[in-house]
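Step one of this worksheet: look at the structure below.
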Amino acid sequence: MSNDKLFISVVTPSHNRLEYLKVAIMSVQVNVLAPLPIEFEHVIHDCGSTDGTKEYFEQNLPKENIFYIKDQGDNKERTKDREIIKATEDKRKDGKGELAQNIIFIRSEHKVPPSQARNICIRQTKGQFICVLDDDDVFLQRCLHNFGSAIRQNKNKQFFISDFLRVNEHLQYMPKEDYYGWVFKDCKEMLQAIFDSCHFIQGNVCFSKKLFEDVGEYDESVGMAEDLDLYTRFLIHGDHPVYLPVISHLHRMHTANFSIGCDRDKHHNDLRGIYERNEHKLKSLGVELTLSN
């Protein structure tokens, strides 16, 4: 490929996890990109936190990097209809702060569902490609380099997945809990494995903003499993992912983490919902809802 710079946007919605969020931010900022010509930004959406998150960013970012969402406060209006207002006051002490200039902060005054929060984030990004990082997770230092390298080597591909490790709330490794991607011959085979309940895709992804827009963004009517719903639509669209056999991030497991409570029955219910919303297209591909595991 040419030496044109690649721009990757990392997006992170957050709610009342400031201390975890600071670690997530640090993990993005210390990514080692050399020797590839990659630039990145980190777009953070604070969804009504009451733990000092708003004040922390206001005191450490220039006003040009801060935006506020003006809405009705009930999450009923489409996120596309919510007004975004630029900050007008620089609240940094002596015009200085500890956060990098490639961090963008968006504030909603109330809690926002994950699908809506991520859509708001991604619409404010500048990058050609998107990486999603949860506020309690941690990127490894070569995460963006590895995705960037794969993008440059597969210039006609729009969807990339990797492996990840699970850790406890103190970032201690949890044995027997690793996630490793599988290699599938095509989208149909991968979709069937998902609806067999044999395989899933979580936060270990990088995808083009164009693909995200082409399939209609996150479905804002979806509660849990909004990410798997989106990736299912990527596959229905015909975008078979490039698998990178590398660790992209550490997925933190703790008592306030949604993943803790996601048992088999809940996962099967999520799969039923995803299948029903996409039933016509999935059946036309020959994909059945089997839930064998």
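To be explicit about the labels: the chains of the structure tokens are called A, B, and onward in the order shown, and within each one the residues are counted from 1, while ligands get numbers from 1 in the order they are shown.
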
key: Test item: residues at most 12 Å from Arg233 of chain A, only C-alpha atoms, excluding those fewer than 3 positions along its chain, as number ranges by chain   = A: 159, 187-188, 191, 211-219, 226-230, 236-240, 274-275, 277-279, 281-282

request  = Output as a PyMOL selection string all residues of segment 92-254 of chain A that backbone DSSP marks as alpha helix (DSSP H).
outcome  = chain A and resi 114-123+143-153+187-195+209-214+226-236

Give the strand (DSSP E) residues of segment 23-142 of chain A, as DSSP finds them on the backbone, and put them as a compact mmCIF listing (two decimals) with N, CA and C atoms, in the first residue's frame.
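Now in out.txt:
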```
# COMPACT_ATOMS: atom_id res chain seq x y z
N ILE A 38 0.34 5.94 11.13
CA ILE A 38 -1.02 5.86 11.67
C ILE A 38 -1.25 7.02 12.63
N GLU A 39 -2.39 7.66 12.52
CA GLU A 39 -2.83 8.64 13.49
C GLU A 39 -4.09 8.10 14.17
N PHE A 40 -4.35 8.57 15.39
CA PHE A 40 -5.56 8.10 16.07
C PHE A 40 -6.12 9.20 16.95
N GLU A 41 -7.38 9.04 17.30
CA GLU A 41 -8.06 9.89 18.26
C GLU A 41 -8.85 8.99 19.19
N HIS A 42 -9.24 9.55 20.33
CA HIS A 42 -10.05 8.79 21.29
C HIS A 42 -11.27 9.64 21.61
N VAL A 43 -12.46 9.16 21.19
CA VAL A 43 -13.70 9.89 21.40
C VAL A 43 -14.46 9.23 22.56
N ILE A 44 -14.71 10.00 23.60
CA ILE A 44 -15.32 9.48 24.83
C ILE A 44 -16.68 10.15 25.04
N HIS A 45 -17.68 9.33 25.31
CA HIS A 45 -19.03 9.84 25.56
C HIS A 45 -19.41 9.54 27.00
N ASP A 46 -19.47 10.57 27.81
CA ASP A 46 -19.87 10.43 29.21
C ASP A 46 -21.39 10.49 29.29
N CYS A 47 -21.98 9.38 29.70
CA CYS A 47 -23.45 9.27 29.71
C CYS A 47 -24.01 9.53 31.10
N ILE A 66 -14.45 19.66 23.61
CA ILE A 66 -15.56 19.30 24.49
C ILE A 66 -16.89 19.66 23.85
N PHE A 67 -17.83 18.70 23.91
CA PHE A 67 -19.16 18.90 23.32
C PHE A 67 -20.22 18.43 24.30
N TYR A 68 -21.38 19.07 24.24
CA TYR A 68 -22.49 18.72 25.12
C TYR A 68 -23.71 18.34 24.26
N ILE A 69 -24.40 17.30 24.69
CA ILE A 69 -25.62 16.85 24.01
C ILE A 69 -26.82 17.52 24.66
N LYS A 70 -27.63 18.18 23.86
CA LYS A 70 -28.86 18.79 24.34
C LYS A 70 -30.02 17.95 23.83
N GLU A 83 -29.24 17.70 19.64
CA GLU A 83 -28.36 18.82 19.32
C GLU A 83 -27.01 18.66 20.03
N ILE A 84 -25.93 18.94 19.31
CA ILE A 84 -24.60 18.91 19.88
C ILE A 84 -24.08 20.34 19.97
N ILE A 85 -23.69 20.73 21.17
CA ILE A 85 -23.25 22.10 21.42
C ILE A 85 -21.78 22.11 21.81
N LYS A 86 -21.01 22.99 21.22
CA LYS A 86 -19.59 23.11 21.57
C LYS A 86 -19.43 23.86 22.89
N ILE A 103 -7.92 13.64 22.30
CA ILE A 103 -9.07 13.12 23.03
C ILE A 103 -10.23 14.09 22.85
N ILE A 104 -11.38 13.55 22.45
CA ILE A 104 -12.62 14.31 22.29
C ILE A 104 -13.60 13.85 23.35
N PHE A 105 -14.22 14.80 24.05
CA PHE A 105 -15.15 14.47 25.13
C PHE A 105 -16.55 14.96 24.79
N ILE A 106 -17.52 14.05 24.90
CA ILE A 106 -18.93 14.36 24.66
C ILE A 106 -19.69 14.05 25.95
N ARG A 107 -20.57 14.96 26.34
CA ARG A 107 -21.30 14.80 27.60
C ARG A 107 -22.80 14.79 27.37
N SER A 108 -23.45 13.72 27.81
CA SER A 108 -24.91 13.70 27.94
C SER A 108 -25.23 13.84 29.42
N PHE A 129 -11.41 4.24 10.12
CA PHE A 129 -11.71 2.99 10.81
C PHE A 129 -12.00 3.26 12.29
N ILE A 130 -12.82 2.37 12.86
CA ILE A 130 -13.29 2.52 14.24
C ILE A 130 -12.87 1.31 15.08
N CYS A 131 -12.33 1.58 16.27
CA CYS A 131 -12.14 0.54 17.29
C CYS A 131 -13.00 0.91 18.49
N VAL A 132 -13.69 -0.06 19.05
CA VAL A 132 -14.54 0.17 20.21
C VAL A 132 -13.84 -0.37 21.45
N VAL A 138 -8.77 -2.55 28.57
CA VAL A 138 -7.44 -2.00 28.37
C VAL A 138 -6.86 -2.50 27.05
N PHE A 139 -6.45 -1.58 26.19
CA PHE A 139 -5.74 -1.94 24.96
C PHE A 139 -4.32 -2.38 25.29
```

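The gap separating atom CA of Thr50 of chain A from atom CA of Ser9 of chain A is 26.0 Å, in Å to one decimal.
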
ask   = Pick from A:Ser208, A:Thr53, A:Arg252, A:Gly286: nearest to His170 of chain A, with only C-alpha atoms counted?
value = A:Arg252

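Using only C-alpha atoms, the protein and nucleic acid residues lying no more than 9 Å from Asn146 of chain A, apart from those fewer than 2 places from it along its own chain, are A:Leu33, A:Arg142, A:Cys143, A:Leu144, A:Gly148, A:Ser149, A:Ala150, A:Ile151, A:Leu244, A:Val246, A:Ser248.
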
Taking N, CA, C and O atoms for each residue, export the selection above as a PDB file, in the first residue's frame.
```pdb
ATOM      1  N   LEU A  33       2.964   2.877  17.529  1.00  0.00           N
ATOM      2  CA  LEU A  33       2.521   2.791  16.139  1.00  0.00           C
ATOM      3  C   LEU A  33       3.670   2.624  15.153  1.00  0.00           C
ATOM      4  O   LEU A  33       3.441   2.180  14.022  1.00  0.00           O
ATOM      5  N   ARG A 142       0.305  -2.658  21.180  1.00  0.00           N
ATOM      6  CA  ARG A 142       0.390  -2.833  19.729  1.00  0.00           C
ATOM      7  C   ARG A 142      -0.987  -3.016  19.098  1.00  0.00           C
ATOM      8  O   ARG A 142      -1.089  -3.377  17.923  1.00  0.00           O
ATOM      9  N   CYS A 143      -2.041  -2.765  19.829  1.00  0.00           N
ATOM     10  CA  CYS A 143      -3.395  -2.987  19.311  1.00  0.00           C
ATOM     11  C   CYS A 143      -3.640  -2.201  18.028  1.00  0.00           C
ATOM     12  O   CYS A 143      -4.000  -2.771  16.996  1.00  0.00           O
ATOM     13  N   LEU A 144      -3.453  -0.895  18.067  1.00  0.00           N
ATOM     14  CA  LEU A 144      -3.730  -0.062  16.897  1.00  0.00           C
ATOM     15  C   LEU A 144      -2.747  -0.342  15.772  1.00  0.00           C
ATOM     16  O   LEU A 144      -3.110  -0.315  14.594  1.00  0.00           O
ATOM     17  N   GLY A 148      -3.940  -1.583  12.256  1.00  0.00           N
ATOM     18  CA  GLY A 148      -3.515  -0.730  11.149  1.00  0.00           C
ATOM     19  C   GLY A 148      -2.725  -1.484  10.102  1.00  0.00           C
ATOM     20  O   GLY A 148      -2.910  -1.295   8.894  1.00  0.00           O
ATOM     21  N   SER A 149      -1.839  -2.350  10.551  1.00  0.00           N
ATOM     22  CA  SER A 149      -1.047  -3.159   9.622  1.00  0.00           C
ATOM     23  C   SER A 149      -1.947  -4.067   8.794  1.00  0.00           C
ATOM     24  O   SER A 149      -1.779  -4.199   7.575  1.00  0.00           O
ATOM     25  N   ALA A 150      -2.932  -4.687   9.452  1.00  0.00           N
ATOM     26  CA  ALA A 150      -3.861  -5.568   8.733  1.00  0.00           C
ATOM     27  C   ALA A 150      -4.698  -4.777   7.731  1.00  0.00           C
ATOM     28  O   ALA A 150      -4.959  -5.249   6.615  1.00  0.00           O
ATOM     29  N   ILE A 151      -5.119  -3.583   8.109  1.00  0.00           N
ATOM     30  CA  ILE A 151      -5.890  -2.739   7.194  1.00  0.00           C
ATOM     31  C   ILE A 151      -5.070  -2.402   5.960  1.00  0.00           C
ATOM     32  O   ILE A 151      -5.559  -2.471   4.823  1.00  0.00           O
ATOM     33  N   LEU A 244      -7.071 -11.615  12.972  1.00  0.00           N
ATOM     34  CA  LEU A 244      -5.706 -11.386  13.426  1.00  0.00           C
ATOM     35  C   LEU A 244      -5.453 -12.259  14.654  1.00  0.00           C
ATOM     36  O   LEU A 244      -6.087 -12.056  15.701  1.00  0.00           O
ATOM     37  N   VAL A 246      -3.811 -12.245  17.233  1.00  0.00           N
ATOM     38  CA  VAL A 246      -3.067 -11.469  18.228  1.00  0.00           C
ATOM     39  C   VAL A 246      -4.040 -11.011  19.313  1.00  0.00           C
ATOM     40  O   VAL A 246      -5.251 -10.943  19.099  1.00  0.00           O
ATOM     41  N   SER A 248      -5.713  -8.200  21.310  1.00  0.00           N
ATOM     42  CA  SER A 248      -5.934  -6.762  21.136  1.00  0.00           C
ATOM     43  C   SER A 248      -6.092  -6.033  22.468  1.00  0.00           C
ATOM     44  O   SER A 248      -5.634  -4.895  22.617  1.00  0.00           O
TER      45      SER A 248
END
```

remark   = One decimal place gives the atom CA of Asn16 of chain A-atom CA of Asp263 of chain A separation as 24.3 Å

ask   = Could you name the residues that touch Glu220 of chain A at 10 Å or less, counting only C-alpha atoms, but leaving out those on the same chain fewer than 5 positions away, as a list in words?
value =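 The residues that qualify are Asn75, Lys76, Arg78, Thr79, Pro113, Pro114, Ser115, Gln116, Ala117, Arg118, Asn119 and Glu226 of chain A.
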
Just-selected residues, N, CA and C atoms written as a short mmCIF file (atom, residue, chain, number, x, y, z; two decimals), in the first residue's frame:
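File result-v4.cif, as written:
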```cif
data_model
loop_
_atom_site.label_atom_id
_atom_site.label_comp_id
_atom_site.auth_asym_id
_atom_site.auth_seq_id
_atom_site.Cartn_x
_atom_site.Cartn_y
_atom_site.Cartn_z
N ASN A 75 -34.24 9.57 26.29
CA ASN A 75 -33.70 8.62 25.31
C ASN A 75 -34.72 8.16 24.26
N LYS A 76 -35.85 8.86 24.16
CA LYS A 76 -36.87 8.45 23.20
C LYS A 76 -36.63 9.04 21.81
N ARG A 78 -34.49 10.08 18.50
CA ARG A 78 -33.34 9.51 17.81
C ARG A 78 -32.09 10.32 18.13
N THR A 79 -30.97 9.64 18.24
CA THR A 79 -29.73 10.36 18.54
C THR A 79 -29.38 11.35 17.43
N PRO A 113 -28.44 4.43 26.69
CA PRO A 113 -28.21 3.02 26.35
C PRO A 113 -26.97 2.86 25.47
N PRO A 114 -26.30 1.70 25.55
CA PRO A 114 -25.05 1.49 24.80
C PRO A 114 -25.16 1.75 23.30
N SER A 115 -26.24 1.31 22.66
CA SER A 115 -26.37 1.49 21.21
C SER A 115 -26.42 2.97 20.87
N GLN A 116 -27.18 3.76 21.63
CA GLN A 116 -27.27 5.18 21.38
C GLN A 116 -25.95 5.88 21.69
N ALA A 117 -25.32 5.49 22.80
CA ALA A 117 -24.07 6.12 23.21
C ALA A 117 -22.98 5.92 22.16
N ARG A 118 -22.92 4.73 21.60
CA ARG A 118 -21.89 4.45 20.60
C ARG A 118 -22.18 5.15 19.28
N ASN A 119 -23.44 5.23 18.90
CA ASN A 119 -23.78 5.96 17.67
C ASN A 119 -23.37 7.43 17.79
N GLU A 226 -26.15 -5.30 21.51
CA GLU A 226 -26.19 -4.39 20.37
C GLU A 226 -24.95 -4.53 19.49
#
```

ask   = Could you pull the residues within 12 Å of segment 162-168 of chain A, counting only C-alpha atoms, minus those fewer than 6 positions along the same chain, as an MDAnalysis selection string?
value = chainID A and resid 131 133 136:140 143:144 146:147 150 174:183 200:207 241:257 259:260

Pick from A:Gln101, A:Pro13, A:Asn154, A:Pro37, whichever lies nearest to Glu64 of chain A using only C-alpha atoms =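 Looking only at the distances to Glu64 of chain A, the closest residue turns out to be A:Gln101.
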
remark   = If you count only C-alpha atoms, the residue of A:Gln29, A:Asp265, A:Lys210, A:Arg17 closest to Ile122 of chain A turns out to be A:Lys210
